[in-house]
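A.B. asks: This one is target-v3.cif, mmCIF, C-alpha atoms.
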data_entry
loop_
_atom_site.group_PDB
_atom_site.id
_atom_site.type_symbol
_atom_site.label_atom_id
_atom_site.label_comp_id
_atom_site.auth_asym_id
_atom_site.auth_seq_id
_atom_site.Cartn_x
_atom_site.Cartn_y
_atom_site.Cartn_z
ATOM 1 C CA MET A 33 0.000 0.000 0.000
ATOM 2 C CA PRO A 34 1.476 3.366 -0.968
ATOM 3 C CA ARG A 35 2.615 5.603 1.824
ATOM 4 C CA ALA A 36 0.130 8.438 1.028
ATOM 5 C CA ILE A 37 -2.818 6.048 1.357
ATOM 6 C CA ARG A 38 -1.472 4.641 4.651
ATOM 7 C CA GLN A 39 -1.018 8.194 5.971
ATOM 8 C CA ALA A 40 -4.573 9.159 4.913
ATOM 9 C CA ALA A 41 -5.969 6.027 6.605
ATOM 10 C CA PHE A 42 -3.963 6.808 9.758
ATOM 11 C CA ASN A 43 -5.213 10.410 9.787
ATOM 12 C CA LEU A 44 -8.800 9.219 9.304
ATOM 13 C CA GLY A 45 -8.415 6.796 12.215
ATOM 14 C CA GLN A 46 -7.024 9.558 14.422
ATOM 15 C CA LEU A 47 -9.910 11.844 13.409
ATOM 16 C CA ARG A 48 -12.479 9.151 14.250
ATOM 17 C CA ARG A 49 -10.865 8.428 17.652
ATOM 18 C CA GLY A 50 -10.751 12.141 18.479
ATOM 19 C CA PHE A 51 -14.380 12.555 17.459
ATOM 20 C CA ALA A 52 -15.405 9.542 19.555
ATOM 21 C CA VAL A 53 -13.603 10.918 22.622
ATOM 22 C CA ARG A 54 -15.233 14.345 22.187
ATOM 23 C CA LEU A 55 -18.630 12.734 21.617
ATOM 24 C CA CYS A 56 -18.311 10.676 24.827
ATOM 25 C CA ALA A 57 -17.315 13.781 26.788
ATOM 26 C CA VAL A 58 -20.276 15.759 25.447
ATOM 27 C CA ALA A 59 -22.660 12.869 26.156
ATOM 28 C CA SER A 60 -21.383 12.590 29.735
ATOM 29 C CA ILE A 61 -21.828 16.297 30.378
ATOM 30 C CA GLY A 62 -25.259 16.187 28.756
ATOM 31 C CA ALA A 63 -26.296 13.292 31.002
ATOM 32 C CA LEU A 64 -25.275 15.290 34.055
ATOM 33 C CA LEU A 65 -27.257 18.286 32.880
ATOM 34 C CA ILE A 66 -30.474 16.427 32.185
ATOM 35 C CA SER A 67 -30.407 13.796 34.899
ATOM 36 C CA PRO A 68 -33.459 13.926 37.195
ATOM 37 C CA GLY A 69 -31.390 14.815 40.246
ATOM 38 C CA ALA A 70 -29.614 17.659 38.483
ATOM 39 C CA PHE A 71 -32.528 20.031 39.000
ATOM 40 C CA ALA A 72 -33.921 20.070 42.507
ATOM 41 C CA GLN A 73 -37.546 20.892 41.781
ATOM 42 C CA GLN A 74 -40.197 21.149 44.406
ATOM 43 C CA PRO A 75 -42.934 18.627 43.776
ATOM 44 C CA GLU A 76 -46.202 20.233 42.799
ATOM 45 C CA ARG A 77 -48.811 20.293 45.505
ATOM 46 C CA VAL A 78 -52.180 18.669 44.856
ATOM 47 C CA VAL A 79 -55.246 20.638 45.948
ATOM 48 C CA GLU A 80 -58.492 18.663 45.861
ATOM 49 C CA VAL A 81 -61.747 20.564 45.418
ATOM 50 C CA ILE A 82 -65.330 19.445 44.895
ATOM 51 C CA ALA A 83 -67.642 21.633 42.808
ATOM 52 C CA ASP A 84 -70.824 20.188 44.244
ATOM 53 C CA HIS A 85 -74.400 19.671 43.050
ATOM 54 C CA ASP A 86 -75.672 22.271 45.525
ATOM 55 C CA SER A 87 -73.541 25.009 43.906
ATOM 56 C CA ARG A 88 -70.819 25.058 46.546
ATOM 57 C CA TYR A 89 -67.106 24.485 46.480
ATOM 58 C CA ARG A 90 -65.970 21.985 49.100
ATOM 59 C CA ILE A 91 -62.608 20.926 50.454
ATOM 60 C CA GLN A 92 -62.490 17.857 52.658
ATOM 61 C CA GLY A 93 -61.977 18.743 56.318
ATOM 62 C CA GLN A 94 -62.989 22.403 55.932
ATOM 63 C CA ASP A 95 -66.348 23.950 56.791
ATOM 64 C CA LYS A 96 -65.579 27.106 54.775
ATOM 65 C CA PRO A 97 -63.261 26.126 51.943
ATOM 66 C CA ILE A 98 -60.103 28.211 51.637
ATOM 67 C CA ILE A 99 -57.108 27.421 49.461
ATOM 68 C CA THR A 100 -53.803 28.774 50.796
ATOM 69 C CA VAL A 101 -50.784 28.681 48.471
ATOM 70 C CA THR A 102 -47.411 30.357 48.011
ATOM 71 C CA ALA A 103 -46.727 33.002 45.358
ATOM 72 C CA GLY A 104 -45.278 31.476 42.190
ATOM 73 C CA GLU A 105 -45.911 27.901 43.350
ATOM 74 C CA ILE A 106 -47.022 25.234 40.881
ATOM 75 C CA VAL A 107 -50.211 23.492 41.998
ATOM 76 C CA ARG A 108 -52.229 20.630 40.594
ATOM 77 C CA LEU A 109 -55.924 21.304 41.063
ATOM 78 C CA ARG A 110 -57.871 18.053 41.140
ATOM 79 C CA ILE A 111 -61.479 19.135 40.831
ATOM 80 C CA THR A 112 -64.464 16.821 41.044
ATOM 81 C CA ALA A 113 -67.441 18.486 39.365
ATOM 82 C CA ILE A 114 -70.911 17.218 40.212
ATOM 83 C CA LYS A 115 -73.806 18.349 38.057
ATOM 84 C CA ALA A 116 -76.163 20.906 39.542
ATOM 85 C CA LYS A 117 -79.516 21.833 38.011
ATOM 86 C CA ASN A 118 -78.184 23.577 34.897
ATOM 87 C CA HIS A 119 -75.209 23.315 32.568
ATOM 88 C CA ALA A 120 -73.650 25.249 29.693
ATOM 89 C CA ARG A 121 -74.046 24.318 26.020
ATOM 90 C CA ASP A 122 -70.572 22.798 25.944
ATOM 91 C CA GLY A 123 -71.510 20.422 28.787
ATOM 92 C CA SER A 124 -69.736 22.361 31.546
ATOM 93 C CA VAL A 125 -71.557 22.061 34.867
ATOM 94 C CA HIS A 126 -69.426 24.532 36.864
ATOM 95 C CA GLY A 127 -66.613 27.011 36.369
ATOM 96 C CA PHE A 128 -63.543 27.855 38.428
ATOM 97 C CA ALA A 129 -62.223 31.367 37.802
ATOM 98 C CA LEU A 130 -59.685 33.174 39.961
ATOM 99 C CA LEU A 131 -60.211 36.909 40.531
ATOM 100 C CA ARG A 132 -58.155 39.412 42.487
ATOM 101 C CA ALA A 133 -60.305 40.297 45.492
ATOM 102 C CA SER A 134 -59.282 43.973 45.414
ATOM 103 C CA ASP A 135 -60.652 44.769 41.950
ATOM 104 C CA ARG A 136 -62.202 41.470 40.792
ATOM 105 C CA ALA A 137 -59.821 41.375 37.832
ATOM 106 C CA PRO A 138 -59.466 37.880 36.360
ATOM 107 C CA VAL A 139 -56.126 36.095 36.695
ATOM 108 C CA PRO A 140 -54.943 34.934 33.227
ATOM 109 C CA GLY A 141 -55.004 31.168 32.758
ATOM 110 C CA TRP A 142 -57.298 30.594 35.730
ATOM 111 C CA ASP A 143 -60.686 30.441 33.978
ATOM 112 C CA LEU A 144 -61.565 26.755 33.979
ATOM 113 C CA LEU A 145 -64.711 25.082 32.696
ATOM 114 C CA LEU A 146 -65.636 21.916 34.553
ATOM 115 C CA LYS A 147 -67.443 18.970 33.054
ATOM 116 C CA PRO A 148 -68.890 16.199 35.234
ATOM 117 C CA GLY A 149 -66.222 14.000 36.804
ATOM 118 C CA ILE A 150 -62.641 14.518 37.927
ATOM 119 C CA GLN A 151 -60.361 16.895 36.061
ATOM 120 C CA GLU A 152 -56.812 18.016 36.832
ATOM 121 C CA PHE A 153 -55.192 21.328 36.009
ATOM 122 C CA VAL A 154 -51.536 22.216 36.609
ATOM 123 C CA LEU A 155 -51.305 25.958 37.179
ATOM 124 C CA LYS A 156 -48.832 28.554 38.390
ATOM 125 C CA VAL A 157 -50.036 30.536 41.393
ATOM 126 C CA PRO A 158 -49.998 34.329 40.850
ATOM 127 C CA ASP A 159 -46.731 36.002 41.863
ATOM 128 C CA GLU A 160 -48.591 38.759 43.705
ATOM 129 C CA PRO A 161 -49.435 37.822 47.317
ATOM 130 C CA GLY A 162 -52.876 38.690 48.622
ATOM 131 C CA GLU A 163 -56.456 37.576 48.769
ATOM 132 C CA TYR A 164 -58.188 36.229 45.688
ATOM 133 C CA LEU A 165 -61.653 34.908 45.051
ATOM 134 C CA VAL A 166 -62.721 31.753 43.203
ATOM 135 C CA VAL A 167 -66.065 32.089 41.432
ATOM 136 C CA CYS A 168 -68.195 29.769 39.344
ATOM 137 C CA THR A 169 -68.562 31.002 35.768
ATOM 138 C CA VAL A 170 -71.325 28.622 34.661
ATOM 139 C CA ILE A 171 -74.856 29.424 35.746
ATOM 140 C CA CYS A 172 -75.294 26.114 37.538
ATOM 141 C CA SER A 173 -78.413 26.750 39.642
ATOM 142 C CA VAL A 174 -80.374 29.457 41.431
ATOM 143 C CA ASN A 175 -77.585 29.445 44.072
ATOM 144 C CA HIS A 176 -74.898 30.105 41.457
ATOM 145 C CA GLU A 177 -74.037 33.566 42.846
ATOM 146 C CA GLN A 178 -73.035 32.019 46.191
ATOM 147 C CA MET A 179 -70.580 29.574 44.598
ATOM 148 C CA THR A 180 -67.392 31.299 45.736
ATOM 149 C CA MET A 181 -64.300 30.426 47.750
ATOM 150 C CA LYS A 182 -61.321 32.294 49.233
ATOM 151 C CA PHE A 183 -57.897 31.782 47.683
ATOM 152 C CA ILE A 184 -54.984 33.156 49.722
ATOM 153 C CA VAL A 185 -51.566 33.703 48.123
ATOM 154 C CA GLU A 186 -48.813 34.025 50.708
ATOM 155 C CA PRO A 187 -45.421 35.614 49.904
ATOM 156 C CA ALA A 188 -42.685 33.242 48.780
ATOM 157 C CA ALA A 189 -39.851 32.646 51.262
ATOM 158 C CA LYS A 190 -36.683 34.515 50.350
#
Rewrite the structure from the file as structure tokens, please.

C.D. replies:
Amino acid sequence: MPRAIRQAAFNLGQLRRGFAVRLCAVASIGALLISPGAFAQQPERVVEVIADHDSRYRIQGQDKPIITVTAGEIVRLRITAIKAKNHARDGSVHGFALLRASDRAPVPGWDLLLKPGIQEFVLKVPDEPGEYLVVCTVICSVNHEQMTMKFIVEPAAK
């Protein structure tokens, strides 16, 4: 085999080995970056609510339901909706909308329509601490106006 061909083959082999070493190094670093333990995330908290047939929100163990969360927290709302007397055209039996208590302004992304059964929503709590109000947005019965609940957002720990 001529010397030029042997040299080209040798150079190609060196190039492949160098590429393989760099590829392994990049893969190792990438595995560290995306491994589950690399990012210490707080687990989302599950908040269970019942939107009941008598046009009331209920939380097990509470006479007057109040949800208390931390600003910026991620929560999983697990809502069981039970049909009241009326429902919307799309089949929704209740709504779950979050309003700022001070001016009743709606919080973006927090206007949920509830169909019968259990539904889950993963949502980010507003960053602004304070008192909020949950209201039903589907005219579910004659008691619809009373279907409200307090939602307290506490400041995040610094």

A.B. asks: With distances taken over only C-alpha atoms, which residue among A:Lys117, A:Arg132, A:Lys147, A:His126 lies nearest Val170 of chain A?

C.D. replies: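 Of all the options, A:His126 lies closest to Val170 of chain A.
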
A.B. asks: Would you pick out the contacts of Glu163 of chain A at 7 Å or less, using all atoms listed in the file, so that residues sharing its chain but fewer than 3 positions from it are not included, and give the list as a PDB file with C-alpha atoms, keeping the file's coordinate frame?

C.D. replies:
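So part_36.pdb came out as:
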ATOM      1  CA  ARG A 132     -58.155  39.412  42.487  1.00  0.00           C
ATOM      2  CA  ALA A 133     -60.305  40.297  45.492  1.00  0.00           C
ATOM      3  CA  PHE A 183     -57.897  31.782  47.683  1.00  0.00           C
ATOM      4  CA  ILE A 184     -54.984  33.156  49.722  1.00  0.00           C
ATOM      5  CA  VAL A 185     -51.566  33.703  48.123  1.00  0.00           C
TER       6      VAL A 185
END

A.B. asks: Counting only C-alpha atoms, figure out which residue out of A:Asp143, A:Glu105, A:Asp122, A:Asp86 gets nearest to Pro187 of chain A.

C.D. replies: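 Among the listed residues, the smallest separation from Pro187 of chain A belongs to A:Glu105.
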
A.B. asks: May I ask which of the residues A:Ile114, A:Val79, A:Ile106, A:Val167 is the closest one to Ile91 of chain A, counting all atoms listed in the file?

C.D. replies: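 So, comparing all the options, the nearest one is A:Val79.
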
A.B. asks: Written as a list in words, what is the full residue list that the PyMOL selection byres ((chain A and resi 165) around 6) yields on the file shown?

C.D. replies: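 Those residues are Leu130, Leu131, Ala133, Tyr164, Val166, Met181, Lys182 and Phe183 of chain A.
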
A.B. asks: When you draw a straight line from atom CA of Val125 of chain A to atom CA of Glu76 of chain A, how long is it in Å?

C.D. replies: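 We find that atom CA of Val125 of chain A and atom CA of Glu76 of chain A lie 26.6 Å from each other.
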
A.B. asks: Would you please work out which residue, of A:Gly104, A:Gly162, A:Pro140, A:Gly123, is nearest to Ala189 of chain A when using only C-alpha atoms?

C.D. replies: A:Gly104

A.B. asks: Which residues come within 9 Å of Val81 of chain A, counting all atoms listed in the file, excluding same-chain residues fewer than 4 positions away, as a ChimeraX atom specification?

C.D. replies: /A:89-92,97,109-113

A.B. asks: Record the distance separating atom CA of Ile82 of chain A and atom CA of Val101 of chain A, expressed in Å with one decimal.

C.D. replies: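 That distance, rounded to one decimal, is 17.6 Å.
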
A.B. asks: Which of these, A:Ala188, A:Cys168, A:Val157, A:Val139, has the shortest distance to Ala116 of chain A once you count all atoms listed in the file?

C.D. replies: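 Among the listed residues, the smallest separation from Ala116 of chain A belongs to A:Cys168.
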